[in-house]
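**Student:** This is upload.pdb, which holds PDB, C-alpha atoms:
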ATOM      1  CA  MET A 254     123.245 107.876 110.785
ATOM      2  CA  GLY A 255     123.095 108.833 107.114
ATOM      3  CA  ALA A 256     120.128 110.313 105.271
ATOM      4  CA  VAL A 257     119.476 107.099 103.348
ATOM      5  CA  GLU A 258     119.481 105.022 106.523
ATOM      6  CA  ARG A 259     117.209 107.489 108.318
ATOM      7  CA  SER A 260     114.720 107.338 105.457
ATOM      8  CA  GLN A 261     114.339 103.609 106.140
ATOM      9  CA  TRP A 262     113.332 104.119 109.777
ATOM     10  CA  THR A 263     109.753 103.296 110.709
ATOM     11  CA  ALA A 264     107.510 106.038 112.069
ATOM     12  CA  ASP A 265     107.766 104.561 115.565
ATOM     13  CA  GLU A 266     111.560 104.458 115.380
ATOM     14  CA  VAL A 267     111.733 108.110 114.361
ATOM     15  CA  ASP A 268     109.337 109.091 117.139
ATOM     16  CA  ASP A 269     111.134 107.000 119.754
ATOM     17  CA  THR A 270     114.547 108.409 118.827
ATOM     18  CA  ALA A 271     113.287 111.998 118.839
ATOM     19  CA  ALA A 272     111.455 111.499 122.147
ATOM     20  CA  LYS A 273     114.573 110.079 123.819
ATOM     21  CA  ALA A 274     116.689 112.974 122.561
ATOM     22  CA  PHE A 275     114.040 115.442 123.773
ATOM     23  CA  LEU A 276     114.044 113.901 127.240
ATOM     24  CA  ALA A 277     117.843 113.801 127.366
ATOM     25  CA  GLU A 278     118.065 117.481 126.436
ATOM     26  CA  TYR A 279     115.394 118.887 128.725
ATOM     27  CA  GLY A 280     115.277 116.384 131.575
ATOM     28  CA  ASP A 281     112.919 117.476 134.340
ATOM     29  CA  ARG A 282     111.367 120.198 132.164
ATOM     30  CA  ALA A 283     110.282 117.555 129.662
ATOM     31  CA  GLU A 284     109.081 115.128 132.329
ATOM     32  CA  HIS A 285     107.078 117.686 134.307
ATOM     33  CA  LEU A 286     105.336 119.976 131.873
ATOM     34  CA  PRO A 287     102.829 122.562 133.124
ATOM     35  CA  PRO A 288      99.110 121.815 132.714
ATOM     36  CA  VAL A 289      98.928 123.226 129.167
ATOM     37  CA  ALA A 290     101.307 122.220 126.388
ATOM     38  CA  ILE A 291     101.133 124.410 123.291
ATOM     39  CA  VAL A 292     102.257 122.112 120.480
ATOM     40  CA  ILE A 293     103.631 123.593 117.258
ATOM     41  CA  ALA A 294     104.844 121.692 114.193
ATOM     42  CA  ALA A 295     107.505 123.644 112.291
ATOM     43  CA  TYR A 296     109.353 123.109 109.037
ATOM     44  CA  ASN A 297     111.901 125.714 107.898
ATOM     45  CA  GLU A 298     110.292 128.565 109.850
ATOM     46  CA  GLN A 299     113.445 130.544 110.670
ATOM     47  CA  GLY A 300     112.577 134.201 111.010
ATOM     48  CA  VAL A 301     109.042 133.592 112.257
ATOM     49  CA  ILE A 302     109.080 130.792 114.858
ATOM     50  CA  GLY A 303     110.719 133.047 117.452
ATOM     51  CA  SER A 304     108.005 135.683 117.221
ATOM     52  CA  VAL A 305     105.294 132.999 117.302
ATOM     53  CA  VAL A 306     106.734 131.512 120.504
ATOM     54  CA  ASP A 307     107.180 134.957 122.087
ATOM     55  CA  ALA A 308     103.515 135.772 121.465
ATOM     56  CA  LEU A 309     102.218 132.669 123.251
ATOM     57  CA  PRO A 310     100.458 133.354 126.569
ATOM     58  CA  ALA A 311     102.232 132.303 129.769
ATOM     59  CA  THR A 312      98.877 131.216 131.181
ATOM     60  CA  ILE A 313      95.588 130.160 129.598
ATOM     61  CA  CYS A 314      92.437 129.841 131.677
ATOM     62  CA  GLY A 315      94.639 130.451 134.714
ATOM     63  CA  LEU A 316      96.895 127.477 133.872
ATOM     64  CA  SER A 317     100.623 127.682 133.141
ATOM     65  CA  THR A 318     101.798 126.843 129.626
ATOM     66  CA  ALA A 319     104.886 125.529 127.870
ATOM     67  CA  ALA A 320     105.690 125.709 124.163
ATOM     68  CA  VAL A 321     106.643 122.376 122.584
ATOM     69  CA  VAL A 322     107.976 122.870 119.051
ATOM     70  CA  VAL A 323     108.545 119.842 116.834
ATOM     71  CA  SER A 324     110.977 120.726 114.053
ATOM     72  CA  ASP A 325     110.052 118.425 111.185
ATOM     73  CA  GLY A 326     113.418 117.973 109.499
ATOM     74  CA  SER A 327     114.118 121.698 109.202
ATOM     75  CA  ARG A 328     117.261 122.616 107.308
ATOM     76  CA  ASP A 329     117.434 126.247 108.406
ATOM     77  CA  GLY A 330     117.738 127.860 111.828
ATOM     78  CA  THR A 331     114.299 126.848 113.103
ATOM     79  CA  VAL A 332     115.663 124.672 115.915
ATOM     80  CA  THR A 333     118.177 127.226 117.158
ATOM     81  CA  GLU A 334     115.676 130.077 116.974
ATOM     82  CA  GLY A 335     113.029 128.094 118.846
ATOM     83  CA  ARG A 336     115.469 127.245 121.632
ATOM     84  CA  GLU A 337     116.682 130.822 121.883
ATOM     85  CA  HIS A 338     113.092 131.893 122.472
ATOM     86  CA  HIS A 339     112.707 129.372 125.312
ATOM     87  CA  ALA A 340     110.586 126.760 123.556
ATOM     88  CA  LEU A 341     111.215 123.072 124.196
ATOM     89  CA  VAL A 342     112.261 121.893 120.749
ATOM     90  CA  ALA A 343     112.188 118.320 119.467
ATOM     91  CA  ASP A 344     114.623 118.173 116.552
ATOM     92  CA  VAL A 345     113.435 115.433 114.181
ATOM     93  CA  PRO A 346     116.145 114.669 111.578
ATOM     94  CA  VAL A 347     113.766 113.814 108.722
ATOM     95  CA  ASN A 348     110.931 115.737 107.113
ATOM     96  CA  ARG A 349     107.768 113.646 107.351
ATOM     97  CA  GLY A 350     104.904 116.127 107.397
ATOM     98  CA  GLN A 351     102.898 118.244 109.792
ATOM     99  CA  GLY A 352     100.694 115.338 110.853
ATOM    100  CA  ALA A 353     103.663 113.219 111.928
ATOM    101  CA  ALA A 354     105.193 116.180 113.769
ATOM    102  CA  LEU A 355     101.979 116.895 115.649
ATOM    103  CA  ARG A 356     101.580 113.232 116.569
ATOM    104  CA  LEU A 357     105.024 113.325 118.163
ATOM    105  CA  GLY A 358     104.178 116.610 119.889
ATOM    106  CA  TYR A 359     101.030 115.063 121.376
ATOM    107  CA  ARG A 360     103.093 112.176 122.687
ATOM    108  CA  LEU A 361     105.677 114.474 124.276
ATOM    109  CA  ALA A 362     102.885 116.466 125.918
ATOM    110  CA  ARG A 363     101.153 113.367 127.311
ATOM    111  CA  GLU A 364     104.337 111.753 128.555
ATOM    112  CA  GLY A 365     105.377 115.048 130.108
ATOM    113  CA  GLY A 366     102.226 115.135 132.201
ATOM    114  CA  ALA A 367     100.348 117.957 130.471
ATOM    115  CA  GLN A 368      96.609 117.851 131.121
ATOM    116  CA  TYR A 369      95.638 119.836 128.041
ATOM    117  CA  ILE A 370      97.035 120.381 124.569
ATOM    118  CA  VAL A 371      96.596 123.473 122.440
ATOM    119  CA  THR A 372      97.865 123.505 118.866
ATOM    120  CA  THR A 373      98.731 126.426 116.654
ATOM    121  CA  ASP A 374     100.748 126.829 113.470
ATOM    122  CA  ALA A 375     104.340 128.014 113.182
ATOM    123  CA  ASP A 376     103.546 130.658 110.570
ATOM    124  CA  GLY A 377     101.770 133.143 112.835
ATOM    125  CA  GLN A 378      98.377 132.934 111.107
ATOM    126  CA  TYR A 379      96.442 132.284 114.308
ATOM    127  CA  ASN A 380      95.751 134.757 117.091
ATOM    128  CA  PRO A 381      97.237 133.573 120.417
ATOM    129  CA  ALA A 382      94.711 135.721 122.274
ATOM    130  CA  GLU A 383      92.015 133.307 121.056
ATOM    131  CA  MET A 384      93.600 130.330 122.807
ATOM    132  CA  GLU A 385      91.602 131.152 125.930
ATOM    133  CA  ARG A 386      88.351 130.851 123.982
ATOM    134  CA  VAL A 387      89.411 127.541 122.458
ATOM    135  CA  LEU A 388      90.633 125.924 125.678
ATOM    136  CA  ALA A 389      87.958 127.225 128.069
ATOM    137  CA  PRO A 390      85.224 124.655 127.220
ATOM    138  CA  VAL A 391      87.711 121.804 127.732
ATOM    139  CA  VAL A 392      88.880 123.097 131.115
ATOM    140  CA  ALA A 393      85.264 123.655 132.137
ATOM    141  CA  GLY A 394      84.467 120.025 131.315
ATOM    142  CA  ASP A 395      81.995 120.940 128.554
ATOM    143  CA  ALA A 396      84.038 119.396 125.729
ATOM    144  CA  ASP A 397      86.865 116.961 125.075
ATOM    145  CA  PHE A 398      87.986 118.622 121.850
ATOM    146  CA  VAL A 399      87.493 122.182 120.626
ATOM    147  CA  THR A 400      88.426 123.585 117.245
ATOM    148  CA  GLY A 401      88.344 127.131 115.993
ATOM    149  CA  SER A 402      86.251 127.942 112.941
ATOM    150  CA  ARG A 403      86.892 130.655 110.382
ATOM    151  CA  LYS A 404      83.293 130.256 109.226
ATOM    152  CA  LEU A 405      82.006 131.216 112.668
ATOM    153  CA  GLY A 406      84.800 133.792 113.022
ATOM    154  CA  SER A 407      86.725 135.438 110.205
ATOM    155  CA  GLN A 408      89.468 134.946 107.630
ATOM    156  CA  GLU A 409      91.698 137.360 105.745
ATOM    157  CA  THR A 410      92.330 135.157 102.718
ATOM    158  CA  ARG A 411      90.568 136.103  99.506
ATOM    159  CA  ASP A 412      91.487 132.918  97.657
ATOM    160  CA  PRO A 413      88.113 131.700  96.322
ATOM    161  CA  VAL A 414      89.413 128.149  95.795
ATOM    162  CA  ARG A 415      90.569 127.838  99.404
ATOM    163  CA  ARG A 416      87.272 129.280 100.642
ATOM    164  CA  LEU A 417      85.320 126.821  98.505
ATOM    165  CA  GLY A 418      87.512 123.959  99.664
ATOM    166  CA  THR A 419      86.875 124.813 103.312
ATOM    167  CA  TRP A 420      83.125 124.641 102.694
ATOM    168  CA  VAL A 421      83.295 121.456 100.614
ATOM    169  CA  PHE A 422      85.340 119.494 103.142
ATOM    170  CA  ALA A 423      83.320 120.715 106.116
ATOM    171  CA  THR A 424      80.127 119.696 104.318
ATOM    172  CA  THR A 425      81.610 116.314 103.383
ATOM    173  CA  ILE A 426      82.600 115.548 106.977
ATOM    174  CA  THR A 427      79.176 116.711 108.162
ATOM    175  CA  VAL A 428      77.504 114.234 105.800
ATOM    176  CA  LEU A 429      79.893 111.376 106.584
ATOM    177  CA  THR A 430      79.809 111.735 110.368
ATOM    178  CA  GLY A 431      76.313 113.100 110.906
ATOM    179  CA  THR A 432      77.786 115.950 112.936
ATOM    180  CA  HIS A 433      77.511 119.549 111.763
ATOM    181  CA  ILE A 434      81.002 120.912 111.093
ATOM    182  CA  THR A 435      81.806 124.341 109.630
ATOM    183  CA  ASP A 436      85.625 124.144 109.399
ATOM    184  CA  SER A 437      87.619 120.910 109.249
ATOM    185  CA  SER A 438      91.133 122.284 108.773
ATOM    186  CA  PHE A 439      91.594 124.987 111.401
ATOM    187  CA  GLY A 440      94.968 124.735 113.119
ATOM    188  CA  LEU A 441      94.045 126.374 116.428
ATOM    189  CA  ARG A 442      92.616 123.568 118.566
ATOM    190  CA  ALA A 443      92.450 122.438 122.196
ATOM    191  CA  MET A 444      91.819 119.046 123.728
ATOM    192  CA  ARG A 445      92.301 116.919 126.767
ATOM    193  CA  ALA A 446      95.783 115.446 126.413
ATOM    194  CA  GLY A 447      94.449 111.941 126.903
ATOM    195  CA  VAL A 448      92.243 112.205 123.822
ATOM    196  CA  THR A 449      95.283 112.132 121.547
ATOM    197  CA  GLY A 450      96.327 108.791 122.982
ATOM    198  CA  GLU A 451      92.910 107.216 122.430
ATOM    199  CA  VAL A 452      92.551 107.904 118.709
ATOM    200  CA  ARG A 453      94.429 106.373 115.807
ATOM    201  CA  LEU A 454      96.698 108.922 114.105
ATOM    202  CA  GLU A 455      98.758 107.749 111.164
ATOM    203  CA  GLN A 456      98.583 110.444 108.506
ATOM    204  CA  PRO A 457     101.897 112.275 107.905
ATOM    205  CA  GLN A 458      99.986 115.231 106.484
ATOM    206  CA  TYR A 459      96.541 116.829 106.679
ATOM    207  CA  GLN A 460      96.067 115.477 110.183
ATOM    208  CA  SER A 461      93.422 118.033 111.100
ATOM    209  CA  ALA A 462      90.800 116.015 109.207
ATOM    210  CA  GLU A 463      92.038 112.672 110.553
ATOM    211  CA  LEU A 464      92.003 113.919 114.135
ATOM    212  CA  LEU A 465      88.566 115.527 113.832
ATOM    213  CA  ILE A 466      86.924 112.488 112.239
ATOM    214  CA  ALA A 467      88.590 110.134 114.734
ATOM    215  CA  VAL A 468      87.424 112.052 117.815
ATOM    216  CA  LEU A 469      83.900 112.241 116.414
ATOM    217  CA  ALA A 470      83.881 108.525 115.607
ATOM    218  CA  ARG A 471      84.914 107.671 119.149
ATOM    219  CA  GLY A 472      82.143 109.720 120.677
ATOM    220  CA  PHE A 473      84.214 112.525 122.181
ATOM    221  CA  ARG A 474      82.416 115.797 122.789
ATOM    222  CA  VAL A 475      83.371 118.274 120.067
ATOM    223  CA  ILE A 476      82.737 122.004 120.013
ATOM    224  CA  GLU A 477      83.528 124.690 117.426
ATOM    225  CA  VAL A 478      84.188 128.292 118.468
ATOM    226  CA  PRO A 479      84.628 131.448 116.370
ATOM    227  CA  ALA A 480      88.277 132.175 115.563
ATOM    228  CA  THR A 481      90.400 134.127 113.099
ATOM    229  CA  ILE A 482      92.948 133.126 110.507
ATOM    230  CA  HIS A 483      95.267 135.848 109.256
ATOM    231  CA  LYS A 484      97.330 136.091 106.096
ATOM    232  CA  ARG A 485     100.804 134.654 106.375
ATOM    233  CA  GLN A 486     103.243 137.554 106.780
ATOM    234  CA  VAL A 487     106.600 135.764 106.491
ATOM    235  CA  GLY A 488     107.735 132.831 104.349
ATOM    236  CA  HIS A 489     105.435 130.755 102.179
ATOM    237  CA  SER A 490     102.854 128.032 102.607
ATOM    238  CA  LYS A 491     104.040 124.404 102.596
ATOM    239  CA  LYS A 492     100.636 123.129 101.420
ATOM    240  CA  GLY A 493     101.424 123.335  97.730
ATOM    241  CA  HIS A 494      99.085 123.897  94.787
ATOM    242  CA  ASN A 495      95.376 124.067  95.623
ATOM    243  CA  ALA A 496      94.472 121.110  93.370
ATOM    244  CA  ILE A 497      97.145 118.805  94.813
ATOM    245  CA  TYR A 498      96.319 119.858  98.352
ATOM    246  CA  GLY A 499      92.621 119.242  97.726
ATOM    247  CA  LEU A 500      93.164 115.767  96.311
ATOM    248  CA  HIS A 501      95.369 114.669  99.201
ATOM    249  CA  TYR A 502      93.028 116.192 101.777
ATOM    250  CA  ALA A 503      90.038 114.445 100.193
ATOM    251  CA  GLY A 504      91.921 111.157 100.396
ATOM    252  CA  VAL A 505      92.560 111.643 104.105
ATOM    253  CA  VAL A 506      88.913 112.531 104.770
ATOM    254  CA  THR A 507      87.471 109.513 102.962
ATOM    255  CA  GLY A 508      90.215 107.140 104.118
ATOM    256  CA  THR A 509      89.853 108.072 107.774
ATOM    257  CA  TRP A 510      86.065 107.875 107.646
ATOM    258  CA  TRP A 511      86.207 104.400 106.078
ATOM    259  CA  ARG A 512      88.835 103.233 108.563
ATOM    260  CA  GLU A 513      86.775 104.408 111.527
ATOM    261  CA  ARG A 514      83.589 102.989 110.051
ATOM    262  CA  ARG A 515      85.187  99.564 109.802
ATOM    263  CA  ARG A 516      86.729  99.724 113.239
ATOM    264  CA  ARG A 517      85.447  96.910 115.430
ATOM    265  CA  GLY A 518      83.784  97.415 118.763
ATOM    266  CA  PRO A 519      80.900  99.577 119.964
ATOM    267  CA  VAL A 520      81.154 103.292 119.275
ATOM    268  CA  ALA A 521      79.282 105.824 121.337
ATOM    269  CA  PRO A 522      77.258 108.290 119.211
ATOM    270  CA  ALA A 523      79.172 111.468 118.501
ATOM    271  CA  ALA A 524      77.847 114.580 120.181
ATOM    272  CA  PRO A 525      76.975 117.370 117.727
ATOM    273  CA  ALA A 526      79.643 120.008 117.319
ATOM    274  CA  GLN A 527      78.212 123.210 118.664
ATOM    275  CA  PRO A 528      79.185 126.712 119.746
ATOM    276  CA  ALA A 529      80.745 126.930 123.177
ATOM    277  CA  PRO A 530      78.425 127.562 126.128
ATOM    278  CA  ASN A 531      77.464 131.232 126.570
ATOM    279  CA  GLN A 532      78.488 131.933 122.953
ATOM    280  CA  HIS A 533      75.623 134.091 121.715
ATOM    281  CA  ALA A 534      74.480 133.621 118.151
ATOM    282  CA  GLY A 535      74.902 137.295 117.491
ATOM    283  CA  GLU A 536      78.626 136.982 118.150
ATOM    284  CA  GLN A 537      79.076 134.502 115.324
ATOM    285  CA  ARG A 538      79.991 136.013 112.001
ATOM    286  CA  GLY A 539      79.587 134.272 108.683
TER     287      GLY A 539
END
Using the file provided, produce a representation of the structure as C-alpha cells.

**Tutor:**
Amino acid sequence: MGAVERSQWTADEVDDTAAKAFLAEYGDRAEHLPPVAIVIAAYNEQGVIGSVVDALPATICGLSTAAVVVSDGSRDGTVTEGREHHALVADVPVNRGQGAALRLGYRLAREGGAQYIVTTDADGQYNPAEMERVLAPVVAGDADFVTGSRKLGSQETRDPVRRLGTWVFATTITVLTGTHITDSSFGLRAMRAGVTGEVRLEQPQYQSAELLIAVLARGFRVIEVPATIHKRQVGHSKKGHNAIYGLHYAGVVTGTWWRERRRRGPVAPAAPAQPAPNQHAGEQRG
C-alpha cells in the first residue's frame, strides 16, 4: 500500500491493521500479556529506545510486566532496536502523533488481557524506578488513574517558558474541572487498563491533557504523586517550538473540556486529585 493511499486511511483502519499485524507477529504473547503493560509511544528513537526498554522493571508491585512499544511511523531503526531488546513492537506505517500511538497501545494492552497500564516516554526522561510509586495506589484500589507530578517532585529543565506553561495549563485544568491539578502533561502514568476503554480519546497529539480531563469528567479517582523528569540525553524533542506547542496544547485542553461538558448522561463528581496514601507532606518538594 503506497504512502498516499495510507494517508487516506481512517484512524480506526490504521489501528485495526496495526493490531492485526501485532497479533500475527506475537501470537500468544500478544494475547496473554502479564498483569502490567508498560506502553511506550516512539517516533525515530533509534539509539535510545533499546536502553529505555532495558531499564524497565521486570516486576512492579510484585506483578510481571511487558513492554509494548508503538512505533509511530518511524523511519529509522526504532522498530528493529525495540524488538532486539525484547519489547513487543507495533509497527505503524504512518506518523500520526504520540496521542494516536498511545491510544493504540492502550488497546493492545486491554485486548491482551493486561490489568494495568503504565506509560513512559521513549526518550528516557522518566525514572523507571518511580513506576512502583505511580502504580501502587492503583493496585491497592485507592485510585483508578495516577499521574506523576514534577511540581510535587522535581525537574531538571531550566526552560522558564516550559515551567510557566506547566503551571498555566495545570491551573487552567484545575479551574475548568474543579479538581486541583499540579501537572497536566507528565508522561509517567498508571491506570486500570479498563479506564482507557471507557474514555473518549481522539487527539493525535497532546493526549496527556485529553486523557486527564476525560478521566476526571467521568468521575474516576485521580491521584498525583511526586516524580522526576530528567533532561533528554539523546536525540531531540518532537514537541516543536514552545509557542506552537502551547497553542496546540491549549486547544486540546479547551476542546476536551467543552466536549466532556456537553457529553450527555449523568456524570459522577470527580474526586479531587491528591497525594497517594501515606505520602507525607514533607516528602513533597516544590

**Student:** Mind working out the centre and edge lengths of an axis-aligned box for region 429-437 of chain A, all listed atoms inside, 4 Å added to each side, rounded to one decimal in Å and written as lines of an AutoDock Vina configuration file?

**Tutor:**
center_x = 82.0
center_y = 117.9
center_z = 109.8
size_x = 19.3
size_y = 21.0
size_z = 14.4

**Student:** Distance CA of Ala311 (chain A)-CA of Val452 (chain A), one decimal place?

**Tutor:**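 Those two atoms sit 28.5 Å apart.
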
**Student:** Can you list what the PyMOL selection byres ((chain A and resi 409-419) around 8) grabs from this structure, as a list in words?

**Tutor:** Ser407, Gln408, Trp420, Val421, Phe422, Ala423, Asp436, Ser437, Ser438, Ile482, His483, Lys484, Asn495 and Gly499 of chain A

**Student:** Do a neighbour search on region 355-369 of chain A at 8 Å with only C-alpha atoms, toss out local chain neighbours closer than 4 positions, and write the hits as a list in words.

**Tutor:**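 So, after excluding close chain neighbours, the residues are Asp268, Ala272, Ala283, Glu284, His285, Leu286, Pro287, Pro288, Val289, Ala290, Val292, Ile293, Ala294, Val321, Val322, Val323, Gln351, Ala443, Met444, Arg445, Ala446, Gly447, Thr449, Gly450 and Leu454 of chain A.
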
**Student:** Just say which residues the PyMOL selection byres ((chain A and resi 457) around 10) picks in this file, as a compact mmCIF listing (two decimals) with C-alpha atoms, keeping the file's coordinate frame.

**Tutor:**
# COMPACT_ATOMS: atom_id res chain seq x y z
CA ALA A 264 107.51 106.04 112.07
CA ASN A 348 110.93 115.74 107.11
CA ARG A 349 107.77 113.65 107.35
CA GLY A 350 104.90 116.13 107.40
CA GLN A 351 102.90 118.24 109.79
CA GLY A 352 100.69 115.34 110.85
CA ALA A 353 103.66 113.22 111.93
CA ALA A 354 105.19 116.18 113.77
CA LEU A 355 101.98 116.90 115.65
CA ARG A 356 101.58 113.23 116.57
CA LEU A 454 96.70 108.92 114.10
CA GLU A 455 98.76 107.75 111.16
CA GLN A 456 98.58 110.44 108.51
CA GLN A 458 99.99 115.23 106.48
CA TYR A 459 96.54 116.83 106.68
CA GLN A 460 96.07 115.48 110.18

**Student:** Given the choices A:Ala308, A:Val267, A:Ala480, A:Ala320, which gets closest to Arg403 (chain A) if the distance is worked out from all atoms listed in the file?

**Tutor:**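 Among the listed residues, the smallest separation from Arg403 (chain A) belongs to A:Ala480.
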
**Student:** Select, from A:Ala393, A:Gln378, A:Gly406, A:Ala503, the residue with the minimum atom-to-atom distance to Thr424 (chain A), counting only C-alpha atoms.

**Tutor:** A:Ala503

**Student:** Can you measure CA of Leu388 (chain A) to CA of Cys314 (chain A) for me? One decimal in Å is fine.

**Tutor:**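 Computed distance, CA of Leu388 (chain A) to CA of Cys314 (chain A), equals 7.4 Å.
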
**Student:** So which residues get picked by the PyMOL selection byres ((chain A and resi 469) around 12) here, written as a PyMOL selection string?

**Tutor:** chain A and resi 396-399+426-427+429-434+437+448+451-452+462-468+470-476+509-510+513-514+520-526

**Student:** Any idea what's packed within 9 Å of region 301-303 of chain A, counting all atoms listed in the file, ignoring anything in its chain fewer than 2 positions away? Could you give it as a list in words?

**Tutor:**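 The contact residues come out as Ala295, Glu298, Gln299, Val305, Val306, Asp307, Ala308, Thr331, Glu334, Gly335, Arg336, Glu337, His338, His339, Ala340, Ala375, Asp376, Gly377, Gln486, Val487 and Gly488 of chain A.
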
**Student:** Would you kindly return, as a PyMOL selection string, each protein, DNA or RNA residue with an atom no farther than 7 Å from any atom of Ala343 (chain A), considering all atoms listed in the file and excluding same-chain residues fewer than 2 positions away?

**Tutor:** chain A and resi 271+275+322-324+341+345

**Student:** Just how far from CA of Ile313 (chain A) is CA of Lys404 (chain A), in Å to one decimal?

**Tutor:**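 If I compute the distance from CA of Lys404 (chain A) to CA of Ile313 (chain A), I get 23.8 Å.
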